[in-house]
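Have a look at the structure below before the remarks.
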Amino acid sequence: MLVCGKILDYKGGGSLKSLLKGLQWIMEIRKEFPIKILNISVEMGIDAKLDKEELKLMHRYFEQLWQDGMMIVAAAGNHGPKPMSISPISENGCCVCVSCHDEGFVGKGGKTCSEYSGRGPGKGILVMSGIDNPLKKPDIVAPGTDIMSCSHKLHPLYATKSGTSMATPMVSGACALIMQKYPNATNIQIKRCLLSSARDLGETWNVQGAGMLSVKRLLQSTI
């Protein structure tokens, strides 16, 4: 089952308030739908003037969802390549933070997504979970250039897009596959397998995290 929620407007803009409403909605509908993976393919400007109380509430929601067993996969954002350019959303220790890396592939825009993908370390501000080290970000990378996806226009219905928002669903999909193989696995076990099966690209952690997503190696993991 795939449940979709929209928190951005027709221009692709949004706010922290709309994200909070979306998280509240997720917590409510979980009473009816057994959602196990939350994919957040939106980013938040690292220099945005965010309400501190709203930011704290967002992190509390993430912590609650994680403790309830949900796998949270979030985009690192496209404000790299400077250090500490990770989106405040995916800095949380409860989130699997996904950056994009195409191993040199250059897309239609004339660049590879690793040139602008958000990079760590995380700032670690207002992260209360204690579940993971929020400074050690991103967690993993996946391809994110010229990915076919839904268009925000009626014509065409589909278009190629690039960025960490395109890489993130690949990781969510991989998590769904390993959950299908091990339906009783916890989100902690899934995250451990996800990172331990990643393929090392020879980059520093703040660029690649644990490495490139490897679905084959992930599905060969034993829980």
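In the structure tokens, the first chain shown is A, the next is B, and so on; residue numbers restart at 1 for each chain, and ligands run from 1 in the order shown.
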Can you tell me, as number ranges by chain, what residues are no more than 9 Å from Asp200 in chain A when counting only C-alpha atoms, ignoring any on the same chain fewer than 4 positions away?
A: 208-212
Applying 12 Å and only C-alpha atoms, which residues near Trp25 in chain A remain after dropping the ones on its own chain fewer than 2 positions away? List them as a ChimeraX atom specification. /A:3-7,18-23,27-33,35,38,61,65
- Apply DSSP to the structure's backbone, then extract all residues of range 156-220 of chain A labelled strand (DSSP E) and return them as a ChimeraX atom specification. /A:158-161
Writing out the chosen residues with N, CA and C atoms as a tab-separated table (two decimals), in the first residue's frame:
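Result file result_25.tsv:
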```tsv
chain	number	residue	atom	x	y	z
A	158	TYR	N	4.82	13.15	-16.74
A	158	TYR	CA	6.08	12.71	-16.15
A	158	TYR	C	7.23	13.53	-16.73
A	159	ALA	N	8.27	13.68	-15.91
A	159	ALA	CA	9.43	14.46	-16.34
A	159	ALA	C	10.66	13.96	-15.60
A	160	THR	N	11.84	14.23	-16.16
A	160	THR	CA	13.07	13.86	-15.47
A	160	THR	C	13.46	14.98	-14.50
A	161	LYS	N	13.85	14.59	-13.30
A	161	LYS	CA	14.22	15.55	-12.27
A	161	LYS	C	15.51	15.10	-11.61
```
Q.
For the alpha helix (DSSP H) assignment from backbone DSSP, which residues of range 78-222 of chain A qualify? Please present them as a count of residues only.
A. 37
Find the residue from A:Ala76, A:Met1, A:Val106, A:Ala142 that sits nearest to Gly120 in chain A; use only C-alpha atoms when measuring.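 Among A:Ala76, A:Met1, A:Val106, A:Ala142, it is A:Ala76 that comes nearest to Gly120 in chain A.
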